[in-house]
Number of protein chains: 2
Amino acid sequence: MTTGYQQRATRILQRINELASISEEPAVITRTFGTDAFVKGSHLVAQWMQAAGLATRIDNIGNVRGRLVSSSANAKTLVIASHIDTVVNAGKFDGPLGVLIGLDLIEQLIQQQVSLPFHLELIAFCDEEGCRFHTTYLGSKVIAGQFDTDLLNKQDAAGNTLQQVIGSMGGDPGLLQQDAIPAEEWLGYFEIHIEQGPVLYEKNIPVGLVTAIAGQKRIAITFTGEAGHAGTVPMTKRNDALCAAAAFILEVERFAGTHPHQLLATVGTVQIAHAASNVIPGEVTITLDLRHADAAILASCHKQLQQLGLSVCERRTIKMSWQAVQETEGVSCDDTFNQLLEEAIQRSGYELVKLVSGAGHDAVAVAAVAPVAMLFVRCFKGISHNPSENVELNDLAAAVEVSAAFIHSLIQKYNRG
Amino acid sequence: MTTGYQQRATRILQRINELASISEEPAVITRTFGTDAFVKGSHLVAQWMQAAGLATRIDNIGNVRGRLVSSSANAKTLVIASHIDTVVNAGKFDGPLGVLIGLDLIEQLIQQQVSLPFHLELIAFCDEEGCRFHTTYLGSKVIAGQFDTDLLNKQDAAGNTLQQVIGSMGGDPGLLQQDAIPAEEWLGYFEIHIEQGPVLYEKNIPVGLVTAIAGQKRIAITFTGEAGHAGTVPMTKRNDALCAAAAFILEVERFAGTHPHQLLATVGTVQIAHAASNVIPGEVTITLDLRHADAAILASCHKQLQQLGLSVCERRTIKMSWQAVQETEGVSCDDTFNQLLEEAIQRSGYELVKLVSGAGHDAVAVAAVAPVAMLFVRCFKGISHNPSENVELNDLAAAVEVSAAFIHSLIQKYNRG
C-alpha cells in the first residue's frame, strides 16, 4: 500500500471523529433521525460535500446528496452511499465510514480530473437504524422510490409523527416521491460498511466482498403448559412450558449449528407469563430470529424448525403457537459488480473473503431498483452498536485502496462501453 | 360417613363463604395482612370463636385466638390453627379451611361437654402468605416465640413499616414476646390445610397424612457468555448464555425427574440482560427452587446440580455464578401424632396416603418449639392461589370426621396418661 492511502485514511478518520463529536448527549455518540444533533451532523456533511465541489442538497426526508455530473450523453447514475444516523450510544464507524470514504473517493476523482462515463451521487442516508420510528431504510427507500407514505403518520416515543419531524427539518412530506432516482437512471449502488461481525477479524483480513444480504424471519413462539406450585406438583405431573422452550432452544442451536448452509438462528428473548421463582412456568413466549441469504433455504429451515418445535411439544404435551411477526427478503449483490470488486481486492493484494451480511443495510432497499455491491471492512472483534466499535487505520486505508480500484475499473468498463 | 359430618361440613362451608366475601376488592378474594378487609375478617372470626364459648382475643400481631381451658392440673396446650390472610386474588379454602374446621371441632367438644386433659387453643394466624411484607409466618412465629424484631422496620410497597401496621390494628409491637406460648406449655400443634397439589386429587382420596414439610433452597444462577448481533456472528463463534441456561434447565428437569427421593426442582424465572430479538443473549439469570423433606438429600442434590451447571458451562465456555438467596429447613411431623392421625384416617375408612408438603405452612414456625401434625385435604386438580381453588363438600366432611377422631384419640391418650 502506498503512503497516499494512509494519508487519505487519516483525513477520513479525522472527519469520522469530527462527525462523532456531534451527539444528542455528551460523552456518547447518539444521532437518531431528525434530532438537533442529527441535523447539525447533516449540515457538516453537506458542507464537506459542497467544499469538495459537489452539487449538494438535503432532500425532503433528510438525505444529504452531493452530485458530480458526467458530460457523457445518456449517462446513468452510480450512487455511493451509507448512513449518518446512529443507534443510541453508538460506535463512530457504523454508517459514517462508508459516507466519508465515498467523499474521499470523489474528491480524488475531481482532483485527478477524471472523465466520468456516469454521474456520481454521494448520499448520506438519514435513517438506516430506525431507532426513532421503529422503521428501517427511510432514506434509501425514498431514493429507490419505495417509500410507503402510510409511515408519515407513525409516531415516535414522544408522539411526534414522521410527517412532523420531516417538516421540522425543513422537508416537505408531499415531495418525497420527487426525490427518488428513477429506476431507468440507475447505473448501480456501492456501499462500504463495517462488517459488524467477527469473520474478517478472526481471519485477519482487512476487507471482504459481500455477496448477499441475508433474508430474515422473526417468529414469536408461545409454549403453553400448565402453571403450578413449585412445591406441590411432583416432577412426573408437570407440564412445564419453560422446559419445553429450553428443549426447543437447544434444538434450534443444534439445527443451525449443523446446517450445511450457514443458517443463523437466535432466540433473543424469553417471556414467562406471571413468572415467580416458586411457580412452574405455564406459558412462555420466545422470539426466534432466522437469517439466510437464500430465500428457499430460509423458507425450508423455517418449516423444519417449526416441525422440530411441534415434535418437542408433542413429546411434552405442550401447546405451541408459531407466529411469523416480521419478514425481510434476502438480496444478492450484482454479479458483474462483484466480479469487478473481487478483482479490485485481489489486485490490491488482499485475500478474497466472500461474506453474507446477516445485518441489514441500505443496499437492501436500493436492490429493488438497481444492481448493488458492498465492501465490508474489518472491525475490532466484530463489535458494533457499541462505543468500543473500532476500525484500524490500516484497514481504513485498505478500504480506500480497494474502493478506488473498484470505481476506476467501473469507469474503464463504461468508458469502453 | 354419617350425615352428621355432612351437616357440619355444610356449616363450615357457609362460614368459609362468609369470610371469603370480605375482600379488599369486590369480585375477588384478597385479604392481605393488616388491610381493612383483613381486620374485618379477623373480627368476624373472633365473633364466631366468642359465640362458640371460647375466651377470645386478638393478640398484638393480629392473630385471633380462642381458648378452651382444661380443669386438669398441669394441663398443657394443644393448638389447632391455620391462617386467614390470603394472597391477592386467592381461593377461599387456603387457610380458612383449617381455622373453621378447628372451630367446628371445638364447638362439638363444648356441646358434648368433653372433659379435656389439655387446654385447647384455636388460632387464626394473621400472616402466613407474607404478601405485604415479603415475610412468612409472622403470626405463628410470634406464637412460637421465634419472632425477629428486626422485621418491625420492614416496609410494605407503600412505605408503611410493619410496626406502623401493627399499631394501626391496635397492637403494641413492644408486647409481641408476651404473646408467645412458652415452650414448656405446648402439648402440640395440629393444622388442617388443602393440599395445594394434585396427589390426593389424582389418587381420588379425600385426605392425606403429612409426614414432613420440605426444606427449600432458592438459588440465583447467572450464565455469562458474550452478547452479539444475531445477524453477524456465525453459529460456531457464539457464546450464547441462553443456550447454556436452556441446557441447564433440561439437566435440572432430568436430574429431579429421575431422582429416587422425590426431589422437586423448578426454574421459575429467566432474565436476559438487554434482551432483544436480534441480539445473542450475553447474560442470563435464572432462579432455581429446590425442595426436599430431608436436609441431607436436599444439600446433596444442591451440590450435584451446581456441579451439573458447571459441566454445562465448561462445555460451552460460559461463566456461571451460583448464589443461594434463600433457605428454609425442612420439618418432620411428630411420630406419635402421626401414628394417631394415621389410625384416625384408617378408622374412618380412608386409604392412607402419606405426603410431604412442598409448600410451607405455619407448622414450620411452630415446629421449632412443639410437636406438629398436619392433615391435607384434597383440592380440585391441586389448584390453589387461584379463584378456581375448590374443595368438595364430601372431602370437607371427611376432614371433619378424621380430625374429630384424631382429637378424641389425643384426649383418650392424655386422659389415660
# chains A, B, ... in the order shown; residues from 1 in each chain; ligands from 1

$ interface_residues --of "chain A" --to "chain B" --cutoff "6 Å" --atoms "only C-alpha atoms" --output "list of chain:residue names"
A:Gly197, A:Ala230, A:Gly231, A:Thr232, A:Val233, A:Met235, A:Ala246, A:Gly257, A:Thr266, A:Gly268, A:Thr269, A:Ala275, A:Ala276, A:Ser277, A:Val279, A:Ile280, A:Pro281, A:Thr287, A:Gly358, A:Ala359

$ write_last_selection --atoms "C-alpha atoms" --output "compact mmCIF listing (two decimals), in the first residue's frame"
# COMPACT_ATOMS: atom_id res chain seq x y z
CA GLY A 197 -19.33 -9.42 12.79
CA ALA A 230 -43.14 -25.39 42.62
CA GLY A 231 -43.51 -27.11 45.98
CA THR A 232 -46.54 -29.30 45.41
CA VAL A 233 -46.62 -30.65 41.86
CA MET A 235 -41.96 -33.78 38.66
CA ALA A 246 -35.47 -24.84 26.70
CA GLY A 257 -25.04 -25.27 14.15
CA THR A 266 -31.09 -16.90 17.52
CA GLY A 268 -33.05 -13.49 21.87
CA THR A 269 -35.99 -13.02 24.24
CA ALA A 275 -43.14 -15.54 36.41
CA ALA A 276 -42.15 -16.27 40.02
CA SER A 277 -39.37 -18.37 41.46
CA VAL A 279 -44.28 -21.13 40.22
CA ILE A 280 -43.87 -23.74 37.48
CA PRO A 281 -44.00 -21.73 34.23
CA THR A 287 -38.60 -14.90 19.73
CA GLY A 358 -26.54 -11.03 8.34
CA ALA A 359 -27.22 -7.42 9.28

$ residues_around --residues "region 335-347 of chain B" --least-positions-apart "2" --cutoff "12 Å" --atoms "only C-alpha atoms" --output "ChimeraX atom specification"
/B:1,78,187-192,205-212,332-333,349-355,370-377,398-413

$ select_by_dssp --residues "region 221-345 of chain B" --states "strand (DSSP E)" --output "PyMOL selection string"
chain B and resi 221-224+228-229+264-272+279-280+283-292+319-328+331-332

$ closest_residue --among "B:Ile318, B:Ala368, B:Asp104, B:Glu226" --to "Gln7 (chain B)" --atoms "only C-alpha atoms"
B:Asp104

$ select_by_dssp --residues "region 200-304 of chain B" --states "helix (DSSP H, G or I)" --output "NGL selection string"
:B and (200-203 or 235-237 or 241-257 or 295-304)

$ atom_distance --atom1 "CA of Ala27 (chain B)" --atom2 "CA of Ala90 (chain B)"
11.0 Å

$ residues_around --residues "Asn153 (chain B)" --least-positions-apart "4" --cutoff "7 Å" --atoms "only C-alpha atoms" --output "list in words"
Thr161, Leu162 and Gln163 of chain B

$ write_last_selection --atoms "N, CA and C atoms" --output "PDB file, in the first residue's frame"
ATOM      1  N   THR B 161     -44.240   0.785  57.704  1.00  0.00           N
ATOM      2  CA  THR B 161     -43.460  -0.262  58.373  1.00  0.00           C
ATOM      3  C   THR B 161     -44.405  -1.266  59.021  1.00  0.00           C
ATOM      4  N   LEU B 162     -43.874  -2.454  59.287  1.00  0.00           N
ATOM      5  CA  LEU B 162     -44.656  -3.486  59.976  1.00  0.00           C
ATOM      6  C   LEU B 162     -45.118  -2.948  61.323  1.00  0.00           C
ATOM      7  N   GLN B 163     -44.223  -2.234  62.005  1.00  0.00           N
ATOM      8  CA  GLN B 163     -44.551  -1.630  63.301  1.00  0.00           C
ATOM      9  C   GLN B 163     -45.782  -0.717  63.188  1.00  0.00           C
TER      10      GLN B 163
END

$ atom_distance --atom1 "CA of Leu151 (chain A)" --atom2 "CA of Cys126 (chain A)"
15.1 Å

$ atom_distance --atom1 "CA of His43 (chain B)" --atom2 "CA of Leu396 (chain B)"
23.9 Å

$ residues_around --residues "Phe38 (chain B)" --least-positions-apart "4" --cutoff "9 Å" --atoms "only C-alpha atoms" --output "list in words"
Ile22, Ser23, Glu24, Thr30, Arg31, Thr32, Phe33, Gly34, Ser42, His43, Ile84, Asp85, Thr86 and Cys126 of chain B

$ write_last_selection --atoms "C-alpha atoms" --output "mmCIF file, in the first residue's frame"
data_model
loop_
_atom_site.group_PDB
_atom_site.id
_atom_site.type_symbol
_atom_site.label_atom_id
_atom_site.label_comp_id
_atom_site.auth_asym_id
_atom_site.auth_seq_id
_atom_site.Cartn_x
_atom_site.Cartn_y
_atom_site.Cartn_z
ATOM 1 C CA ILE B 22 -64.747 -9.948 52.897
ATOM 2 C CA SER B 23 -62.116 -8.667 50.476
ATOM 3 C CA GLU B 24 -60.020 -5.631 49.630
ATOM 4 C CA THR B 30 -57.810 -10.536 48.655
ATOM 5 C CA ARG B 31 -57.210 -10.154 52.396
ATOM 6 C CA THR B 32 -53.554 -9.363 52.926
ATOM 7 C CA PHE B 33 -52.194 -8.719 56.408
ATOM 8 C CA GLY B 34 -53.316 -5.529 58.152
ATOM 9 C CA SER B 42 -60.432 -11.129 61.843
ATOM 10 C CA HIS B 43 -63.319 -9.589 63.783
ATOM 11 C CA ILE B 84 -56.839 -16.244 57.476
ATOM 12 C CA ASP B 85 -54.702 -13.864 55.412
ATOM 13 C CA THR B 86 -54.718 -14.576 51.687
ATOM 14 C CA CYS B 126 -52.593 -13.260 60.684
#

$ residues_around --residues "region 116-123 of chain B" --least-positions-apart "2" --cutoff "8 Å" --atoms "only C-alpha atoms" --output "JSON, numbers by chain"
{"B": [63, 64, 65, 66, 67, 68, 69, 70, 71, 72, 75, 76, 77, 78, 79, 80, 81, 82, 83, 99, 102, 103, 114, 125, 187, 411, 414, 415]}

$ closest_residue --among "A:Glu392, A:Asp179, A:Asp127, A:Asp59" --to "Ala9 (chain A)" --atoms "only C-alpha atoms"
A:Glu392

$ residues_around --residues "Leu393 (chain A)" --least-positions-apart "5" --cutoff "8 Å" --atoms "only C-alpha atoms" --output "PyMOL selection string"
chain A and resi 6+9-10+13

$ write_last_selection --atoms "all heavy atoms" --output "compact mmCIF listing (two decimals), in the first residue's frame"
# COMPACT_ATOMS: atom_id res chain seq x y z
N GLN A 6 -2.69 5.78 3.23
CA GLN A 6 -2.62 6.03 4.68
C GLN A 6 -3.00 7.47 5.00
O GLN A 6 -3.73 7.74 5.95
CB GLN A 6 -1.18 5.77 5.19
CG GLN A 6 -0.69 4.36 5.01
CD GLN A 6 -0.92 3.49 6.22
OE1 GLN A 6 -1.47 3.96 7.22
NE2 GLN A 6 -0.55 2.23 6.14
N ALA A 9 -6.63 7.91 4.54
CA ALA A 9 -7.34 7.26 5.66
C ALA A 9 -7.29 8.14 6.91
O ALA A 9 -8.28 8.25 7.64
CB ALA A 9 -6.73 5.89 5.95
N THR A 10 -6.13 8.78 7.13
CA THR A 10 -6.00 9.65 8.29
C THR A 10 -7.00 10.81 8.22
O THR A 10 -7.66 11.15 9.21
CB THR A 10 -4.56 10.21 8.37
OG1 THR A 10 -3.66 9.11 8.43
CG2 THR A 10 -4.37 11.07 9.61
N LEU A 13 -10.48 9.51 8.83
CA LEU A 13 -10.69 9.26 10.26
C LEU A 13 -10.92 10.57 11.02
O LEU A 13 -11.74 10.63 11.94
CB LEU A 13 -9.48 8.50 10.84
CG LEU A 13 -9.63 8.03 12.28
CD1 LEU A 13 -10.84 7.11 12.44
CD2 LEU A 13 -8.38 7.30 12.75

$ closest_residue --among "A:Asn394, A:Gln304, A:Asn60, A:Thr3" --to "Ser168 (chain A)" --atoms "only C-alpha atoms"
A:Asn60

$ decode --residues "region 221-236 of chain A" --atoms "all heavy atoms" --output "mmCIF file, in the first residue's frame"
data_model
loop_
_atom_site.group_PDB
_atom_site.id
_atom_site.type_symbol
_atom_site.label_atom_id
_atom_site.label_comp_id
_atom_site.auth_asym_id
_atom_site.auth_seq_id
_atom_site.Cartn_x
_atom_site.Cartn_y
_atom_site.Cartn_z
ATOM 1 N N ILE A 221 -42.936 -17.419 19.363
ATOM 2 C CA ILE A 221 -43.407 -18.777 19.639
ATOM 3 C C ILE A 221 -43.855 -18.855 21.091
ATOM 4 O O ILE A 221 -43.092 -18.515 21.995
ATOM 5 C CB ILE A 221 -42.290 -19.814 19.387
ATOM 6 C CG1 ILE A 221 -41.712 -19.611 17.990
ATOM 7 C CG2 ILE A 221 -42.810 -21.232 19.577
ATOM 8 C CD1 ILE A 221 -40.321 -20.183 17.819
ATOM 9 N N THR A 222 -45.094 -19.277 21.298
ATOM 10 C CA THR A 222 -45.601 -19.403 22.662
ATOM 11 C C THR A 222 -45.816 -20.874 22.998
ATOM 12 O O THR A 222 -46.482 -21.598 22.260
ATOM 13 C CB THR A 222 -46.911 -18.610 22.838
ATOM 14 O OG1 THR A 222 -46.651 -17.242 22.559
ATOM 15 C CG2 THR A 222 -47.450 -18.747 24.265
ATOM 16 N N PHE A 223 -45.230 -21.276 24.119
ATOM 17 C CA PHE A 223 -45.387 -22.631 24.631
ATOM 18 C C PHE A 223 -46.368 -22.565 25.797
ATOM 19 O O PHE A 223 -46.150 -21.795 26.737
ATOM 20 C CB PHE A 223 -44.049 -23.187 25.122
ATOM 21 C CG PHE A 223 -43.006 -23.271 24.040
ATOM 22 C CD1 PHE A 223 -42.167 -22.198 23.784
ATOM 23 C CD2 PHE A 223 -42.880 -24.405 23.262
ATOM 24 C CE1 PHE A 223 -41.212 -22.250 22.781
ATOM 25 C CE2 PHE A 223 -41.924 -24.478 22.253
ATOM 26 C CZ PHE A 223 -41.090 -23.395 22.009
ATOM 27 N N THR A 224 -47.442 -23.346 25.732
ATOM 28 C CA THR A 224 -48.414 -23.313 26.806
ATOM 29 C C THR A 224 -48.517 -24.684 27.458
ATOM 30 O O THR A 224 -48.834 -25.673 26.804
ATOM 31 C CB THR A 224 -49.798 -22.872 26.288
ATOM 32 O OG1 THR A 224 -49.639 -21.637 25.593
ATOM 33 C CG2 THR A 224 -50.776 -22.678 27.435
ATOM 34 N N GLY A 225 -48.190 -24.728 28.740
ATOM 35 C CA GLY A 225 -48.317 -25.940 29.527
ATOM 36 C C GLY A 225 -49.298 -25.673 30.649
ATOM 37 O O GLY A 225 -50.372 -25.141 30.417
ATOM 38 N N GLU A 226 -48.894 -25.985 31.872
ATOM 39 C CA GLU A 226 -49.776 -25.717 32.996
ATOM 40 C C GLU A 226 -48.944 -25.148 34.142
ATOM 41 O O GLU A 226 -47.966 -25.774 34.564
ATOM 42 C CB GLU A 226 -50.484 -26.991 33.432
ATOM 43 C CG GLU A 226 -51.679 -26.705 34.318
ATOM 44 C CD GLU A 226 -52.651 -27.890 34.349
ATOM 45 O OE1 GLU A 226 -52.305 -28.970 33.832
ATOM 46 O OE2 GLU A 226 -53.746 -27.733 34.900
ATOM 47 N N ALA A 227 -49.350 -23.954 34.603
ATOM 48 C CA ALA A 227 -48.667 -23.364 35.746
ATOM 49 C C ALA A 227 -48.980 -24.191 36.988
ATOM 50 O O ALA A 227 -50.000 -24.869 37.050
ATOM 51 C CB ALA A 227 -49.112 -21.918 35.950
ATOM 52 N N GLY A 228 -48.098 -24.147 37.968
ATOM 53 C CA GLY A 228 -48.354 -24.904 39.189
ATOM 54 C C GLY A 228 -47.393 -24.472 40.279
ATOM 55 O O GLY A 228 -46.423 -23.755 40.027
ATOM 56 N N HIS A 229 -47.664 -24.931 41.493
ATOM 57 C CA HIS A 229 -46.856 -24.588 42.659
ATOM 58 C C HIS A 229 -45.565 -25.405 42.613
ATOM 59 O O HIS A 229 -45.606 -26.624 42.496
ATOM 60 C CB HIS A 229 -47.676 -24.919 43.911
ATOM 61 C CG HIS A 229 -47.107 -24.348 45.179
ATOM 62 N ND1 HIS A 229 -45.840 -24.630 45.622
ATOM 63 C CD2 HIS A 229 -47.650 -23.526 46.092
ATOM 64 C CE1 HIS A 229 -45.629 -24.005 46.774
ATOM 65 N NE2 HIS A 229 -46.715 -23.315 47.068
ATOM 66 N N ALA A 230 -44.437 -24.716 42.701
ATOM 67 C CA ALA A 230 -43.140 -25.390 42.620
ATOM 68 C C ALA A 230 -42.922 -26.377 43.757
ATOM 69 O O ALA A 230 -42.066 -27.253 43.673
ATOM 70 C CB ALA A 230 -42.015 -24.349 42.628
ATOM 71 N N GLY A 231 -43.708 -26.247 44.833
ATOM 72 C CA GLY A 231 -43.513 -27.113 45.985
ATOM 73 C C GLY A 231 -44.500 -28.258 46.076
ATOM 74 O O GLY A 231 -44.376 -29.101 46.966
ATOM 75 N N THR A 232 -45.484 -28.295 45.219
ATOM 76 C CA THR A 232 -46.535 -29.301 45.409
ATOM 77 C C THR A 232 -46.775 -30.198 44.212
ATOM 78 O O THR A 232 -47.380 -31.255 44.361
ATOM 79 C CB THR A 232 -47.872 -28.617 45.766
ATOM 80 O OG1 THR A 232 -48.264 -27.783 44.681
ATOM 81 C CG2 THR A 232 -47.763 -27.792 47.026
ATOM 82 N N VAL A 233 -46.360 -29.808 43.036
ATOM 83 C CA VAL A 233 -46.620 -30.651 41.861
ATOM 84 C C VAL A 233 -45.411 -31.552 41.608
ATOM 85 O O VAL A 233 -44.312 -31.062 41.333
ATOM 86 C CB VAL A 233 -46.922 -29.796 40.606
ATOM 87 C CG1 VAL A 233 -47.314 -30.699 39.437
ATOM 88 C CG2 VAL A 233 -48.022 -28.780 40.898
ATOM 89 N N PRO A 234 -45.613 -32.886 41.737
ATOM 90 C CA PRO A 234 -44.493 -33.802 41.512
ATOM 91 C C PRO A 234 -43.907 -33.626 40.110
ATOM 92 O O PRO A 234 -44.610 -33.210 39.186
ATOM 93 C CB PRO A 234 -45.146 -35.188 41.636
ATOM 94 C CG PRO A 234 -46.426 -34.972 42.360
ATOM 95 C CD PRO A 234 -46.871 -33.585 42.026
ATOM 96 N N MET A 235 -42.637 -33.940 39.955
ATOM 97 C CA MET A 235 -41.959 -33.776 38.660
ATOM 98 C C MET A 235 -42.701 -34.533 37.558
ATOM 99 O O MET A 235 -42.761 -34.072 36.419
ATOM 100 C CB MET A 235 -40.507 -34.290 38.749
ATOM 101 C CG MET A 235 -39.599 -33.554 39.732
ATOM 102 S SD MET A 235 -39.545 -31.738 39.591
ATOM 103 C CE MET A 235 -38.711 -31.521 38.017
ATOM 104 N N THR A 236 -43.261 -35.683 37.906
ATOM 105 C CA THR A 236 -43.923 -36.517 36.889
ATOM 106 C C THR A 236 -45.271 -35.973 36.452
ATOM 107 O O THR A 236 -45.837 -36.446 35.476
ATOM 108 C CB THR A 236 -44.147 -37.937 37.436
ATOM 109 O OG1 THR A 236 -44.804 -37.812 38.703
ATOM 110 C CG2 THR A 236 -42.831 -38.671 37.626
#
